[in-house]
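Novice: The structure is given below, and queries will be raised subsequently.
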Amino acid sequence: MPTGATFDSDGVRLAYDDLVPEGDDGAAPPIVLVHGFASSRHENWRDREWYDTLLEAGRRVIALDCRGHGESEKPHDPTAYETDIMAADVVRLLDHLEIERADFLGYSMGGRIGTEALYRHPERFNAGVLAGIGAATIEPSDAGDRIADGLLADDSADVTDPLGKRFRVFAETTDNDLEALAACARTRTAPADWDEIAQVEHPVVIVAGEHDDITGDPEPLAEGFPNGEAVVVDDADHLTTVPDERFTKAVLEFLERKGL
């Protein structure tokens, strides 16, 4: 199975990995991983041992770099980053790999994309783990503009807004295209729609760190899904939840409990 491969998603070249457990005979259930803003498939998942954990659990692991991120193409047009377009990228990857249905695991931006994907493409997914999101997902916010302003400042030292500063510093830890990220940030801040969430019949678990000041409480969002539940990772924040073993345990237990 390919690692570091690419495919065309409606004119945008996206990078992905596709891994199967050792000795797999084609029966490993697929799970697609979607990373957070200003991160990548490797930084968010592989480097934090999610690939190995899921492979050891007998899963086929599929992970992409979202447009504007990692090794994928990076448009500077904000209209390229509408949430429904980014959800369609995930479905096009499944089409490319000839996978009819998969489980979904997304973090932060990836969790928001998953909310959209489960609503717009319900026939392509079995269940969703939507992590790093919470009550803030369903509230209007100026966070995208604040983050974009921080990303586009001439120097990170000039950024005074705490949120903009946080993401500028984070984005500079890897070789990111700050203009592409700013376009993505400005576009993807519309709140999730309650009516759409209420139509998602898949089993869904919302996971967030107890001290995540970006996402808010996961409980109100989980209650909006007909088959939703919430998990709070004690003493964790937005950045420390991803590598936390309790997050990993919650995901594996959820998938096992739902028979997925």
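Residues in the structure tokens are numbered from 1 in each chain, the chains being A, B, ... in the order shown, and ligands are numbered from 1 in the order shown.
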Would you list the contacts of Asp177 of chain A as a PyMOL selection string, taking every protein, DNA or RNA residue within 8 Å and counting only C-alpha atoms, but skipping same-chain residues closer than 3 positions in sequence?
Specialist: chain A and resi 68-69+74+180-181
Novice: I'd like to know which residues of segment 9-86 of chain A are strand (DSSP E) (by DSSP, run on the backbone); could you write them as an NGL selection string?
Specialist: :A and (9 or 12-19 or 30-34 or 60-64)
Novice: Would you please work out which residue, of A:Phe170, A:Phe104, A:Phe125, A:Tyr16, is nearest to Leu239 of chain A when using only C-alpha atoms?
Specialist: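 So, comparing all the options, the nearest one is A:Phe170.
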Novice: Please, what distance in Å, to one decimal, runs between atom CA of Asp17 of chain A and atom CA of Ala5 of chain A?
Specialist: 6.4 Å
Novice: Distance atom CA of Thr248 of chain A-atom CA of Asp89 of chain A, one decimal place?
Specialist: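 Those two atoms sit 25.1 Å apart.
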Novice: Using only C-alpha atoms, which of the listed residues (A:Ala153, A:Val200, A:Leu105, A:Ala38) sits closest to Leu54 of chain A?
Specialist: A:Leu105
Novice: What is the distance between atom CA of Phe167 of chain A and atom CA of Arg13 of chain A, in Å to one decimal?
Specialist: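 A separation of 24.9 Å between them.
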Novice: Calculated over only C-alpha atoms, which of the candidates A:Glu43, A:Gly110, A:Leu221, A:His238 has the smallest distance to Thr173 of chain A?
Specialist: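 Closest residue, counting only C-alpha atoms: A:Glu43.
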Novice: Measuring between only C-alpha atoms, which one of A:Arg186, A:Arg120, A:Lys249, A:Lys258 shows the shortest distance to Ala57 of chain A?
Specialist: A:Lys249
Novice: For Gly132 of chain A, list every protein, DNA or RNA residue within 6 Å, evaluated using only C-alpha atoms, and leave out those in the same chain fewer than 4 positions away; present the list as number ranges by chain.
Specialist: A: 107-108, 208
Novice: Take the residues just selected and output them with N, CA, C and O atoms as a PDB file, in the first residue's frame.
Specialist:
```
ATOM      1  N   TYR A 107      -9.294  15.398  13.996  1.00  0.00           N
ATOM      2  CA  TYR A 107      -8.938  16.221  15.149  1.00  0.00           C
ATOM      3  C   TYR A 107      -9.015  17.691  14.790  1.00  0.00           C
ATOM      4  O   TYR A 107      -8.484  18.122  13.770  1.00  0.00           O
ATOM      5  N   SER A 108      -9.686  18.486  15.644  1.00  0.00           N
ATOM      6  CA  SER A 108      -9.794  19.931  15.490  1.00  0.00           C
ATOM      7  C   SER A 108     -10.401  20.255  14.123  1.00  0.00           C
ATOM      8  O   SER A 108     -11.553  19.911  13.876  1.00  0.00           O
ATOM      9  N   ALA A 208     -12.576  15.838  23.762  1.00  0.00           N
ATOM     10  CA  ALA A 208     -11.832  17.085  23.955  1.00  0.00           C
ATOM     11  C   ALA A 208     -11.132  17.059  25.298  1.00  0.00           C
ATOM     12  O   ALA A 208     -11.582  16.406  26.242  1.00  0.00           O
TER      13      ALA A 208
END
```
Novice: For Trp50 of chain A, please output as number ranges by chain all residues within 10 Å (counting only C-alpha atoms; exclusion window: fewer than 5 positions along the same chain).
Specialist: A: 33, 42, 44-45, 55-56, 61, 242-243, 248
Novice: Show which residues sit within 12 Å of Ala136 of chain A, as a ChimeraX atom specification. Count only C-alpha atoms, and ignore same-chain residues fewer than 4 positions away.
Specialist: /A:108,112,132,140-143,189-192,208,212-221
Novice: Go ahead and dump the residues you just picked, all heavy atoms, as a compact mmCIF listing (two decimals), in the first residue's frame.
Specialist:
```txt
# COMPACT_ATOMS: atom_id res chain seq x y z
N SER A 108 -9.69 18.49 15.64
CA SER A 108 -9.79 19.93 15.49
C SER A 108 -10.40 20.26 14.12
O SER A 108 -11.55 19.91 13.88
CB SER A 108 -8.43 20.58 15.70
OG SER A 108 -8.53 21.97 15.85
N ARG A 112 -14.16 19.05 12.56
CA ARG A 112 -15.18 19.87 11.89
C ARG A 112 -15.45 19.35 10.49
O ARG A 112 -16.61 19.29 10.04
CB ARG A 112 -14.73 21.33 11.85
CG ARG A 112 -15.72 22.26 11.12
CD ARG A 112 -17.04 22.36 11.87
NE ARG A 112 -17.99 23.20 11.14
CZ ARG A 112 -18.86 22.74 10.25
NH1 ARG A 112 -18.91 21.44 9.96
NH2 ARG A 112 -19.68 23.56 9.64
N GLY A 132 -11.13 17.15 19.45
CA GLY A 132 -10.62 18.50 19.40
C GLY A 132 -11.65 19.51 18.97
O GLY A 132 -11.32 20.60 18.49
N PRO A 140 -20.96 31.17 16.48
CA PRO A 140 -20.23 32.09 15.59
C PRO A 140 -18.94 32.55 16.25
O PRO A 140 -18.87 32.67 17.48
CB PRO A 140 -21.20 33.26 15.41
CG PRO A 140 -22.55 32.71 15.76
CD PRO A 140 -22.31 31.67 16.81
N SER A 141 -17.91 32.77 15.44
CA SER A 141 -16.62 33.11 16.02
C SER A 141 -15.81 33.98 15.05
O SER A 141 -15.94 33.85 13.83
CB SER A 141 -15.83 31.82 16.32
OG SER A 141 -14.51 32.10 16.69
N ASP A 142 -14.99 34.85 15.62
CA ASP A 142 -14.06 35.63 14.82
C ASP A 142 -12.66 35.03 14.86
O ASP A 142 -11.68 35.66 14.45
CB ASP A 142 -14.02 37.08 15.29
CG ASP A 142 -13.48 37.23 16.71
OD1 ASP A 142 -13.28 36.18 17.39
OD2 ASP A 142 -13.27 38.37 17.16
N ALA A 143 -12.57 33.80 15.37
CA ALA A 143 -11.25 33.17 15.55
C ALA A 143 -10.49 33.06 14.24
O ALA A 143 -9.27 33.26 14.21
CB ALA A 143 -11.42 31.79 16.18
N THR A 189 -14.66 29.12 9.41
CA THR A 189 -15.08 29.44 10.77
C THR A 189 -16.59 29.50 10.93
O THR A 189 -17.08 29.85 11.99
CB THR A 189 -14.48 30.77 11.23
OG1 THR A 189 -14.77 31.79 10.26
CG2 THR A 189 -12.97 30.66 11.39
N ALA A 190 -17.34 29.18 9.88
CA ALA A 190 -18.79 29.15 10.03
C ALA A 190 -19.17 28.06 11.03
O ALA A 190 -18.59 26.98 11.02
CB ALA A 190 -19.45 28.86 8.68
N PRO A 191 -20.12 28.35 11.92
CA PRO A 191 -20.50 27.34 12.91
C PRO A 191 -21.19 26.14 12.26
O PRO A 191 -21.78 26.25 11.18
CB PRO A 191 -21.46 28.09 13.84
CG PRO A 191 -22.01 29.19 13.00
CD PRO A 191 -20.90 29.59 12.07
N ALA A 192 -21.08 25.00 12.90
CA ALA A 192 -21.83 23.82 12.45
C ALA A 192 -23.32 24.10 12.59
O ALA A 192 -23.75 24.91 13.41
CB ALA A 192 -21.43 22.60 13.26
N ALA A 208 -12.58 15.84 23.76
CA ALA A 208 -11.83 17.08 23.96
C ALA A 208 -11.13 17.06 25.30
O ALA A 208 -11.58 16.41 26.24
CB ALA A 208 -12.76 18.29 23.87
N ASP A 212 -9.15 22.44 27.26
CA ASP A 212 -9.07 22.93 25.88
C ASP A 212 -9.86 24.23 25.78
O ASP A 212 -11.09 24.22 25.74
CB ASP A 212 -9.63 21.88 24.92
CG ASP A 212 -9.33 22.21 23.47
OD1 ASP A 212 -9.26 23.41 23.14
OD2 ASP A 212 -9.18 21.28 22.67
N ASP A 213 -9.16 25.35 25.73
CA ASP A 213 -9.82 26.65 25.68
C ASP A 213 -10.17 27.08 24.27
O ASP A 213 -10.71 28.17 24.06
CB ASP A 213 -8.94 27.72 26.35
CG ASP A 213 -7.59 27.88 25.66
OD1 ASP A 213 -7.25 27.04 24.81
OD2 ASP A 213 -6.88 28.85 25.99
N ILE A 214 -9.89 26.22 23.29
CA ILE A 214 -10.23 26.52 21.90
C ILE A 214 -11.58 25.90 21.54
O ILE A 214 -12.41 26.53 20.89
CB ILE A 214 -9.13 26.02 20.95
CG1 ILE A 214 -7.85 26.83 21.17
CG2 ILE A 214 -9.57 26.12 19.49
CD1 ILE A 214 -6.68 26.36 20.35
N THR A 215 -11.81 24.67 21.99
CA THR A 215 -13.00 23.93 21.54
C THR A 215 -14.22 24.13 22.42
O THR A 215 -15.35 24.07 21.95
CB THR A 215 -12.71 22.43 21.49
OG1 THR A 215 -12.58 21.95 22.84
CG2 THR A 215 -11.45 22.13 20.74
N GLY A 216 -14.02 24.31 23.71
CA GLY A 216 -15.15 24.34 24.63
C GLY A 216 -15.59 22.93 25.03
O GLY A 216 -14.99 21.92 24.63
N ASP A 217 -16.65 22.86 25.80
CA ASP A 217 -17.17 21.62 26.35
C ASP A 217 -17.68 20.70 25.23
O ASP A 217 -18.48 21.13 24.39
CB ASP A 217 -18.31 21.96 27.31
CG ASP A 217 -18.86 20.75 28.05
OD1 ASP A 217 -18.44 19.62 27.77
OD2 ASP A 217 -19.75 20.95 28.90
N PRO A 218 -17.26 19.43 25.18
CA PRO A 218 -17.76 18.53 24.15
C PRO A 218 -19.19 18.06 24.36
O PRO A 218 -19.84 17.60 23.42
CB PRO A 218 -16.79 17.34 24.21
CG PRO A 218 -16.29 17.34 25.61
CD PRO A 218 -16.23 18.78 26.02
N GLU A 219 -19.69 18.14 25.59
CA GLU A 219 -21.02 17.60 25.90
C GLU A 219 -22.14 18.22 25.07
O GLU A 219 -22.97 17.50 24.50
CB GLU A 219 -21.32 17.76 27.39
CG GLU A 219 -20.46 16.88 28.30
CD GLU A 219 -20.96 15.45 28.37
OE1 GLU A 219 -21.99 15.14 27.74
OE2 GLU A 219 -20.31 14.65 29.06
N PRO A 220 -22.26 19.56 24.98
CA PRO A 220 -23.39 20.13 24.21
C PRO A 220 -23.38 19.70 22.74
O PRO A 220 -24.45 19.47 22.17
CB PRO A 220 -23.17 21.64 24.35
CG PRO A 220 -22.35 21.80 25.58
CD PRO A 220 -21.46 20.61 25.62
N LEU A 221 -22.19 19.59 22.15
CA LEU A 221 -22.13 19.15 20.76
C LEU A 221 -22.55 17.70 20.64
O LEU A 221 -23.32 17.33 19.75
CB LEU A 221 -20.71 19.35 20.22
CG LEU A 221 -20.48 18.95 18.76
CD1 LEU A 221 -21.39 19.71 17.83
CD2 LEU A 221 -19.01 19.17 18.38
```
Novice: Need the shell around Ala88 of chain A: protein/DNA/RNA residues with any atom at most 12 Å away, counting only C-alpha atoms. Skip same-chain ones fewer than 3 positions apart. Format as a list in words?
Specialist: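 Final neighbour list, sorted by chain and number: Asp8, Ser9, Asp10, Val12, Cys66, Arg67, Ala80, Tyr81, Glu82, Thr83, Asp84, Ile85, Val91, Arg92, Leu93, Leu94, Asp95, Ile113, Gly114, Thr115, Glu116, Ala117, Leu118, Tyr119, Arg120, His121, Pro122 and Arg124 of chain A.
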Novice: Nearest to Gly106 of chain A among A:Leu255, A:Ala250, A:Ile31, A:Leu130, with distances taken over only C-alpha atoms: which residue is it?
Specialist: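 Answer, going by the shortest atom-to-atom distance: A:Leu130.
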Novice: So which residues touch Glu223 of chain A within 12 Å, counting only C-alpha atoms, skipping near sequence neighbours fewer than 3 positions away, as a ChimeraX atom specification?
Specialist: /A:134-135,138,194,197-198,200,203-206,217-220,226-231
